[in-house]
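Have a look at input31.pdb below; it lists PDB, C-alpha atoms.
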MODEL        1
ATOM      1  CA  MET A   1      23.880  -9.906  -2.503  1.00  0.00           C
ATOM      2  CA  THR A   2      21.677 -12.895  -1.700  1.00  0.00           C
ATOM      3  CA  THR A   3      18.485 -12.809   0.349  1.00  0.00           C
ATOM      4  CA  LYS A   4      20.497 -14.093   3.369  1.00  0.00           C
ATOM      5  CA  ARG A   5      21.049 -10.711   4.956  1.00  0.00           C
ATOM      6  CA  THR A   6      21.368  -9.806   8.591  1.00  0.00           C
ATOM      7  CA  ASN A   7      18.714  -7.601  10.146  1.00  0.00           C
ATOM      8  CA  GLU A   8      21.105  -4.679   9.935  1.00  0.00           C
ATOM      9  CA  GLN A   9      21.794  -5.312   6.243  1.00  0.00           C
ATOM     10  CA  TRP A  10      18.067  -5.413   5.413  1.00  0.00           C
ATOM     11  CA  LEU A  11      17.454  -2.176   7.281  1.00  0.00           C
ATOM     12  CA  ALA A  12      20.363  -0.432   5.587  1.00  0.00           C
ATOM     13  CA  GLU A  13      19.758  -1.681   2.046  1.00  0.00           C
ATOM     14  CA  LEU A  14      16.036  -0.940   2.046  1.00  0.00           C
ATOM     15  CA  ARG A  15      16.747   2.774   2.405  1.00  0.00           C
ATOM     16  CA  PRO A  16      16.270   4.539  -0.963  1.00  0.00           C
ATOM     17  CA  GLU A  17      19.693   6.155  -0.758  1.00  0.00           C
ATOM     18  CA  HIS A  18      21.515   2.796  -0.483  1.00  0.00           C
ATOM     19  CA  PRO A  19      23.193   1.590  -3.719  1.00  0.00           C
ATOM     20  CA  ASN A  20      21.698  -1.908  -3.256  1.00  0.00           C
ATOM     21  CA  TYR A  21      18.154  -0.586  -2.741  1.00  0.00           C
ATOM     22  CA  ASP A  22      16.670  -1.980  -5.973  1.00  0.00           C
ATOM     23  CA  THR A  23      18.181  -5.418  -5.386  1.00  0.00           C
ATOM     24  CA  ALA A  24      17.051  -5.488  -1.752  1.00  0.00           C
ATOM     25  CA  VAL A  25      13.480  -4.539  -2.693  1.00  0.00           C
ATOM     26  CA  ALA A  26      13.358  -7.230  -5.377  1.00  0.00           C
ATOM     27  CA  ASP A  27      14.744  -9.819  -2.952  1.00  0.00           C
ATOM     28  CA  LEU A  28      12.259  -8.854  -0.237  1.00  0.00           C
ATOM     29  CA  SER A  29       9.388  -9.093  -2.720  1.00  0.00           C
ATOM     30  CA  ALA A  30      10.511 -12.600  -3.695  1.00  0.00           C
ATOM     31  CA  VAL A  31      10.879 -13.644  -0.047  1.00  0.00           C
ATOM     32  CA  LEU A  32       7.375 -12.409   0.796  1.00  0.00           C
ATOM     33  CA  THR A  33       5.759 -13.941  -2.302  1.00  0.00           C
ATOM     34  CA  ASN A  34       7.246 -17.350  -1.533  1.00  0.00           C
ATOM     35  CA  GLY A  35       6.388 -16.986   2.137  1.00  0.00           C
ATOM     36  CA  LEU A  36       2.753 -16.186   1.379  1.00  0.00           C
ATOM     37  CA  LYS A  37       2.395 -19.342  -0.683  1.00  0.00           C
ATOM     38  CA  ARG A  38       3.429 -21.330   2.390  1.00  0.00           C
ATOM     39  CA  GLY A  39       1.887 -19.145   5.069  1.00  0.00           C
ATOM     40  CA  LEU A  40      -1.599 -19.097   3.540  1.00  0.00           C
ATOM     41  CA  LEU A  41      -1.660 -22.797   2.678  1.00  0.00           C
ATOM     42  CA  ALA A  42      -4.157 -23.622   5.449  1.00  0.00           C
ATOM     43  CA  ARG A  43      -6.395 -20.648   4.669  1.00  0.00           C
ATOM     44  CA  VAL A  44      -6.776 -20.473   0.897  1.00  0.00           C
ATOM     45  CA  ASN A  45      -6.324 -22.654  -2.172  1.00  0.00           C
ATOM     46  CA  THR A  46      -2.747 -21.711  -2.970  1.00  0.00           C
ATOM     47  CA  SER A  47      -2.690 -24.057  -5.950  1.00  0.00           C
ATOM     48  CA  ALA A  48      -5.352 -22.042  -7.778  1.00  0.00           C
ATOM     49  CA  PRO A  49      -3.898 -20.211 -10.805  1.00  0.00           C
ATOM     50  CA  GLU A  50      -5.293 -16.871  -9.672  1.00  0.00           C
ATOM     51  CA  PHE A  51      -3.535 -17.152  -6.306  1.00  0.00           C
ATOM     52  CA  HIS A  52      -0.123 -16.681  -7.895  1.00  0.00           C
ATOM     53  CA  THR A  53      -1.200 -13.280  -9.200  1.00  0.00           C
ATOM     54  CA  GLN A  54      -2.800 -12.449  -5.872  1.00  0.00           C
ATOM     55  CA  ALA A  55       0.355 -13.455  -3.976  1.00  0.00           C
ATOM     56  CA  ASP A  56       2.421 -11.108  -6.144  1.00  0.00           C
ATOM     57  CA  ASP A  57      -0.011  -8.255  -5.505  1.00  0.00           C
ATOM     58  CA  PHE A  58      -0.111  -8.959  -1.745  1.00  0.00           C
ATOM     59  CA  ALA A  59       3.683  -9.063  -1.619  1.00  0.00           C
ATOM     60  CA  GLN A  60       3.936  -5.757  -3.480  1.00  0.00           C
ATOM     61  CA  GLU A  61       1.600  -4.053  -1.022  1.00  0.00           C
ATOM     62  CA  ALA A  62       3.448  -5.649   1.895  1.00  0.00           C
ATOM     63  CA  VAL A  63       6.789  -4.354   0.608  1.00  0.00           C
ATOM     64  CA  LEU A  64       5.360  -0.827   0.641  1.00  0.00           C
ATOM     65  CA  LYS A  65       4.141  -1.282   4.223  1.00  0.00           C
ATOM     66  CA  VAL A  66       7.527  -2.633   5.262  1.00  0.00           C
ATOM     67  CA  LEU A  67       9.295   0.333   3.662  1.00  0.00           C
ATOM     68  CA  ASP A  68       6.899   2.715   5.404  1.00  0.00           C
ATOM     69  CA  ASN A  69       7.551   1.101   8.798  1.00  0.00           C
ATOM     70  CA  LEU A  70      11.261   0.295   8.817  1.00  0.00           C
ATOM     71  CA  ASP A  71      11.814   2.492  11.855  1.00  0.00           C
ATOM     72  CA  SER A  72       9.298   0.479  13.881  1.00  0.00           C
ATOM     73  CA  PHE A  73      11.242  -2.787  13.530  1.00  0.00           C
ATOM     74  CA  ALA A  74      12.402  -3.563  17.067  1.00  0.00           C
ATOM     75  CA  GLY A  75      14.868  -6.325  16.192  1.00  0.00           C
ATOM     76  CA  ARG A  76      13.286  -8.941  18.451  1.00  0.00           C
ATOM     77  CA  SER A  77      13.018 -11.398  15.548  1.00  0.00           C
ATOM     78  CA  LYS A  78      14.524 -11.930  12.134  1.00  0.00           C
ATOM     79  CA  PHE A  79      13.678  -9.052   9.820  1.00  0.00           C
ATOM     80  CA  THR A  80      12.125 -11.419   7.266  1.00  0.00           C
ATOM     81  CA  THR A  81       9.920 -12.967   9.980  1.00  0.00           C
ATOM     82  CA  TRP A  82       8.639  -9.513  10.893  1.00  0.00           C
ATOM     83  CA  ALA A  83       8.098  -8.637   7.222  1.00  0.00           C
ATOM     84  CA  HIS A  84       6.326 -11.937   6.619  1.00  0.00           C
ATOM     85  CA  LYS A  85       3.822 -11.192   9.411  1.00  0.00           C
ATOM     86  CA  ILE A  86       3.054  -7.900   7.692  1.00  0.00           C
ATOM     87  CA  ALA A  87       2.571  -9.714   4.366  1.00  0.00           C
ATOM     88  CA  VAL A  88       0.186 -12.280   5.871  1.00  0.00           C
ATOM     89  CA  SER A  89      -1.816  -9.486   7.517  1.00  0.00           C
ATOM     90  CA  VAL A  90      -2.041  -7.638   4.183  1.00  0.00           C
ATOM     91  CA  ALA A  91      -3.122 -10.801   2.362  1.00  0.00           C
ATOM     92  CA  LEU A  92      -5.798 -11.783   4.875  1.00  0.00           C
ATOM     93  CA  THR A  93      -7.179  -8.235   4.964  1.00  0.00           C
ATOM     94  CA  GLU A  94      -7.380  -8.110   1.168  1.00  0.00           C
ATOM     95  CA  LEU A  95      -8.935 -11.580   0.941  1.00  0.00           C
ATOM     96  CA  ARG A  96     -11.603 -10.647   3.496  1.00  0.00           C
ATOM     97  CA  ARG A  97     -12.262  -7.397   1.661  1.00  0.00           C
ATOM     98  CA  LYS A  98     -12.606  -9.203  -1.647  1.00  0.00           C
ATOM     99  CA  ARG A  99     -15.037 -11.749  -0.198  1.00  0.00           C
ATOM    100  CA  TRP A 100     -17.089  -8.924   1.294  1.00  0.00           C
ATOM    101  CA  GLN A 101     -17.128  -7.024  -1.973  1.00  0.00           C
ATOM    102  CA  ASP A 102     -18.057 -10.098  -3.981  1.00  0.00           C
ATOM    103  CA  SER A 103     -20.895 -11.035  -1.651  1.00  0.00           C
ATOM    104  CA  SER A 104     -22.417  -7.659  -0.880  1.00  0.00           C
ATOM    105  CA  LEU A 105     -22.352  -4.499  -2.955  1.00  0.00           C
ATOM    106  CA  ASP A 106     -21.645  -4.640  -6.677  1.00  0.00           C
ATOM    107  CA  GLY A 107     -19.614  -1.794  -8.064  1.00  0.00           C
ATOM    108  CA  ILE A 108     -18.607  -0.587  -4.627  1.00  0.00           C
ATOM    109  CA  THR A 109     -15.570   1.188  -6.023  1.00  0.00           C
ATOM    110  CA  GLU A 110     -17.080   2.458  -9.257  1.00  0.00           C
ATOM    111  CA  SER A 111     -16.356   6.054 -10.071  1.00  0.00           C
ATOM    112  CA  ASP A 112     -19.162   8.529 -10.572  1.00  0.00           C
ATOM    113  CA  GLY A 113     -17.393   9.774 -13.677  1.00  0.00           C
ATOM    114  CA  SER A 114     -16.571  13.177 -12.235  1.00  0.00           C
ATOM    115  CA  GLY A 115     -12.841  12.564 -12.445  1.00  0.00           C
ATOM    116  CA  ASP A 116     -12.033  13.244  -8.785  1.00  0.00           C
ATOM    117  CA  TYR A 117     -10.194  10.858  -6.490  1.00  0.00           C
ATOM    118  CA  THR A 118     -13.092  10.008  -4.185  1.00  0.00           C
ATOM    119  CA  PRO A 119     -13.688   6.245  -3.960  1.00  0.00           C
ATOM    120  CA  SER A 120     -17.410   5.561  -3.853  1.00  0.00           C
ATOM    121  CA  PHE A 121     -17.135   3.237  -0.845  1.00  0.00           C
ATOM    122  CA  VAL A 122     -16.565   6.180   1.499  1.00  0.00           C
ATOM    123  CA  ALA A 123     -20.128   7.429   1.052  1.00  0.00           C
ATOM    124  CA  ASP A 124     -22.666   6.193   3.615  1.00  0.00           C
ATOM    125  CA  GLN A 125     -26.181   5.521   2.425  1.00  0.00           C
ATOM    126  CA  ALA A 126     -27.486   7.980   5.032  1.00  0.00           C
ATOM    127  CA  PRO A 127     -24.657   9.900   6.728  1.00  0.00           C
ATOM    128  CA  THR A 128     -25.490  12.503   9.328  1.00  0.00           C
ATOM    129  CA  PRO A 129     -25.196  16.128   8.232  1.00  0.00           C
ATOM    130  CA  GLU A 130     -22.146  16.515  10.509  1.00  0.00           C
ATOM    131  CA  ASN A 131     -20.400  13.469   9.006  1.00  0.00           C
ATOM    132  CA  ARG A 132     -21.314  14.519   5.493  1.00  0.00           C
ATOM    133  CA  THR A 133     -19.757  17.943   6.043  1.00  0.00           C
ATOM    134  CA  ALA A 134     -16.645  16.525   7.744  1.00  0.00           C
ATOM    135  CA  ARG A 135     -16.119  13.978   4.989  1.00  0.00           C
ATOM    136  CA  ALA A 136     -16.535  16.532   2.239  1.00  0.00           C
ATOM    137  CA  GLU A 137     -14.029  18.843   3.902  1.00  0.00           C
ATOM    138  CA  LEU A 138     -11.464  16.093   4.479  1.00  0.00           C
ATOM    139  CA  LEU A 139     -11.819  14.689   0.967  1.00  0.00           C
ATOM    140  CA  ALA A 140     -11.257  18.169  -0.458  1.00  0.00           C
ATOM    141  CA  TYR A 141      -8.256  18.580   1.834  1.00  0.00           C
ATOM    142  CA  VAL A 142      -6.696  15.232   0.865  1.00  0.00           C
ATOM    143  CA  GLN A 143      -7.349  15.853  -2.820  1.00  0.00           C
ATOM    144  CA  LYS A 144      -5.647  19.246  -2.496  1.00  0.00           C
ATOM    145  CA  LEU A 145      -2.596  17.568  -0.959  1.00  0.00           C
ATOM    146  CA  ILE A 146      -2.488  15.018  -3.773  1.00  0.00           C
ATOM    147  CA  ASP A 147      -2.834  17.759  -6.387  1.00  0.00           C
ATOM    148  CA  HIS A 148      -0.294  20.197  -4.973  1.00  0.00           C
ATOM    149  CA  ASP A 149       2.233  18.228  -2.893  1.00  0.00           C
ATOM    150  CA  LEU A 150       2.967  15.353  -5.275  1.00  0.00           C
ATOM    151  CA  THR A 151       4.694  15.287  -8.625  1.00  0.00           C
ATOM    152  CA  GLU A 152       2.635  14.180 -11.607  1.00  0.00           C
ATOM    153  CA  ARG A 153       4.226  10.721 -11.575  1.00  0.00           C
ATOM    154  CA  GLN A 154       3.756  10.341  -7.826  1.00  0.00           C
ATOM    155  CA  ARG A 155       0.131  11.416  -8.161  1.00  0.00           C
ATOM    156  CA  THR A 156      -0.527   8.960 -11.000  1.00  0.00           C
ATOM    157  CA  ALA A 157       1.108   6.095  -9.132  1.00  0.00           C
ATOM    158  CA  LEU A 158      -0.665   6.815  -5.840  1.00  0.00           C
ATOM    159  CA  VAL A 159      -4.120   7.195  -7.364  1.00  0.00           C
ATOM    160  CA  ASP A 160      -3.707   4.057  -9.464  1.00  0.00           C
ATOM    161  CA  SER A 161      -2.398   2.043  -6.520  1.00  0.00           C
ATOM    162  CA  VAL A 162      -4.524   3.188  -3.592  1.00  0.00           C
ATOM    163  CA  ILE A 163      -7.774   4.247  -5.246  1.00  0.00           C
ATOM    164  CA  ASN A 164      -7.937   2.290  -8.491  1.00  0.00           C
ATOM    165  CA  GLY A 165      -6.358  -0.853  -7.046  1.00  0.00           C
ATOM    166  CA  LYS A 166      -3.832  -1.302  -9.850  1.00  0.00           C
ATOM    167  CA  SER A 167      -0.833  -3.567  -9.351  1.00  0.00           C
ATOM    168  CA  THR A 168       2.723  -2.311  -9.182  1.00  0.00           C
ATOM    169  CA  ASN A 169       3.475  -4.065 -12.471  1.00  0.00           C
ATOM    170  CA  HIS A 170       0.545  -2.279 -14.136  1.00  0.00           C
ATOM    171  CA  ILE A 171       1.752   1.096 -12.851  1.00  0.00           C
ATOM    172  CA  ALA A 172       5.315   0.331 -13.927  1.00  0.00           C
ATOM    173  CA  SER A 173       4.137  -0.443 -17.447  1.00  0.00           C
ATOM    174  CA  LYS A 174       1.983   2.685 -17.591  1.00  0.00           C
ATOM    175  CA  LEU A 175       4.788   4.965 -16.404  1.00  0.00           C
ATOM    176  CA  GLU A 176       7.472   3.068 -18.334  1.00  0.00           C
ATOM    177  CA  MET A 177       9.411   2.360 -15.153  1.00  0.00           C
ATOM    178  CA  LYS A 178      10.836  -0.700 -13.486  1.00  0.00           C
ATOM    179  CA  PRO A 179       8.582  -2.141 -10.731  1.00  0.00           C
ATOM    180  CA  ASN A 180      11.281  -1.482  -8.131  1.00  0.00           C
ATOM    181  CA  ALA A 181      11.295   2.190  -9.109  1.00  0.00           C
ATOM    182  CA  VAL A 182       7.535   2.297  -8.567  1.00  0.00           C
ATOM    183  CA  TYR A 183       8.043   1.129  -4.971  1.00  0.00           C
ATOM    184  CA  LYS A 184      10.276   4.126  -4.349  1.00  0.00           C
ATOM    185  CA  LEU A 185       7.859   6.446  -6.160  1.00  0.00           C
ATOM    186  CA  LEU A 186       4.941   5.296  -4.005  1.00  0.00           C
ATOM    187  CA  HIS A 187       7.027   5.339  -0.853  1.00  0.00           C
ATOM    188  CA  ASP A 188       8.154   8.914  -1.511  1.00  0.00           C
ATOM    189  CA  ALA A 189       4.556   9.964  -2.256  1.00  0.00           C
ATOM    190  CA  ARG A 190       3.320   8.468   1.014  1.00  0.00           C
ATOM    191  CA  VAL A 191       6.106  10.135   2.981  1.00  0.00           C
ATOM    192  CA  LYS A 192       5.234  13.500   1.414  1.00  0.00           C
ATOM    193  CA  LEU A 193       1.557  13.141   2.305  1.00  0.00           C
ATOM    194  CA  LYS A 194       2.331  12.021   5.861  1.00  0.00           C
ATOM    195  CA  LYS A 195       4.580  15.052   6.342  1.00  0.00           C
ATOM    196  CA  SER A 196       1.876  17.360   4.984  1.00  0.00           C
ATOM    197  CA  LEU A 197      -0.728  15.772   7.256  1.00  0.00           C
ATOM    198  CA  ALA A 198       1.560  16.102  10.278  1.00  0.00           C
ATOM    199  CA  LYS A 199       2.302  19.725   9.437  1.00  0.00           C
ATOM    200  CA  ASP A 200      -1.433  20.459   9.512  1.00  0.00           C
ATOM    201  CA  GLY A 201      -1.949  18.480  12.725  1.00  0.00           C
ATOM    202  CA  TYR A 202      -3.434  15.315  11.199  1.00  0.00           C
ATOM    203  CA  THR A 203      -2.468  11.659  11.148  1.00  0.00           C
ATOM    204  CA  PRO A 204      -3.639   9.110   8.536  1.00  0.00           C
ATOM    205  CA  GLY A 205      -5.806   7.651  11.313  1.00  0.00           C
ATOM    206  CA  ASP A 206      -7.584  10.962  11.759  1.00  0.00           C
ATOM    207  CA  ILE A 207      -8.579  10.882   8.099  1.00  0.00           C
ATOM    208  CA  LEU A 208      -9.738   7.267   8.156  1.00  0.00           C
ATOM    209  CA  GLN A 209     -11.689   7.720  11.407  1.00  0.00           C
ATOM    210  CA  VAL A 210     -14.152  10.045   9.686  1.00  0.00           C
ATOM    211  CA  PHE A 211     -15.085   7.245   7.301  1.00  0.00           C
ATOM    212  CA  ASP A 212     -15.528   4.482   9.912  1.00  0.00           C
TER     213      ASP A 212
ENDMDL
END
Give the structure from this file in structure tokens form.
Amino acid sequence: MTTKRTNEQWLAELRPEHPNYDTAVADLSAVLTNGLKRGLLARVNTSAPEFHTQADDFAQEAVLKVLDNLDSFAGRSKFTTWAHKIAVSVALTELRRKRWQDSSLDGITESDGSGDYTPSFVADQAPTPENRTARAELLAYVQKLIDHDLTERQRTALVDSVINGKSTNHIASKLEMKPNAVYKLLHDARVKLKKSLAKDGYTPGDILQVFD
């Protein structure tokens, strides 16, 4: 199957149970990587050697967001146009974050060495006692979900991807998996956590709001 799919074909083949899932994910990743190189031309130096690696990483994260939000696609445009908008949003967000990190706090994501999953950027310099308590409780809650609701491979992939910022290719090499299989692993882990959050009356936004 080529990348010239109808909207319906994209939606069907990007479901994990579809026999063409791996091929569809690989094709979407290629479409988004190539699209980012064109779509960001006016914003960043796309000819810089490091941009090619960045574009791959942005596309990988965008594929995960697309997979997470397939049901929200309304069909008012081509599926690839919709996915490309997601990819550009991911790329611009990450580029802004990187510029902020580079120009402000060094070591913002350094671990304290305790071995837990808490990224150091969630800690205010002077949080209120109420916020400090709420954050501690939510971090313990999320860590419990990661520990108990995910398989070991899902937990490793999620922590490496979301908290340690590792690329899909890095995770695939570490777990001795194909990159496309890592997409499914991460997608399944996210779905599990969302279901656990919903069961307990939370949304991902509720968790993030405490750290705003």
*Starting from the shown file, work through the PyMOL selection byres ((chain A and resi 168) around 9) and note down what comes out as an MDAnalysis selection string.*
chainID A and resid 57 60:61 157 161 166:167 169:173 179:180 182:183
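In this model, the gap between atom CA of Arg135 of chain A and atom CA of Leu185 of chain A comes to 27.5 Å.
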Axis-aligned box over every listed atom of segment 5-24 of chain A, padded by 3 Å per side: centre and edges in Å to one decimal, as AutoDock Vina command-line options?
--center_x 19.6 --center_y -2.3 --center_z 2.1 --size_x 13.2 --size_y 22.9 --size_z 22.1
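Of note, atom CA of Arg190 of chain A and atom CA of Asn69 of chain A are spaced 11.5 Å apart.
From atom CA of Val88 of chain A back to atom CA of Ala74 of chain A, the distance works out to 18.7 Å.
Remark: for Arg76 of chain A, the closest of the candidate residues A:Val90, A:Asn7, A:Arg15, A:Val63 is A:Asn7 (distances computed over all atoms listed in the file).
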*Excluding Val66 of chain A and any residue of its chain fewer than 4 positions from it, enumerate the residues within 8 Å of it, using all atoms listed in the file, and give them as a PyMOL selection string.*
chain A and resi 62+70+83+86
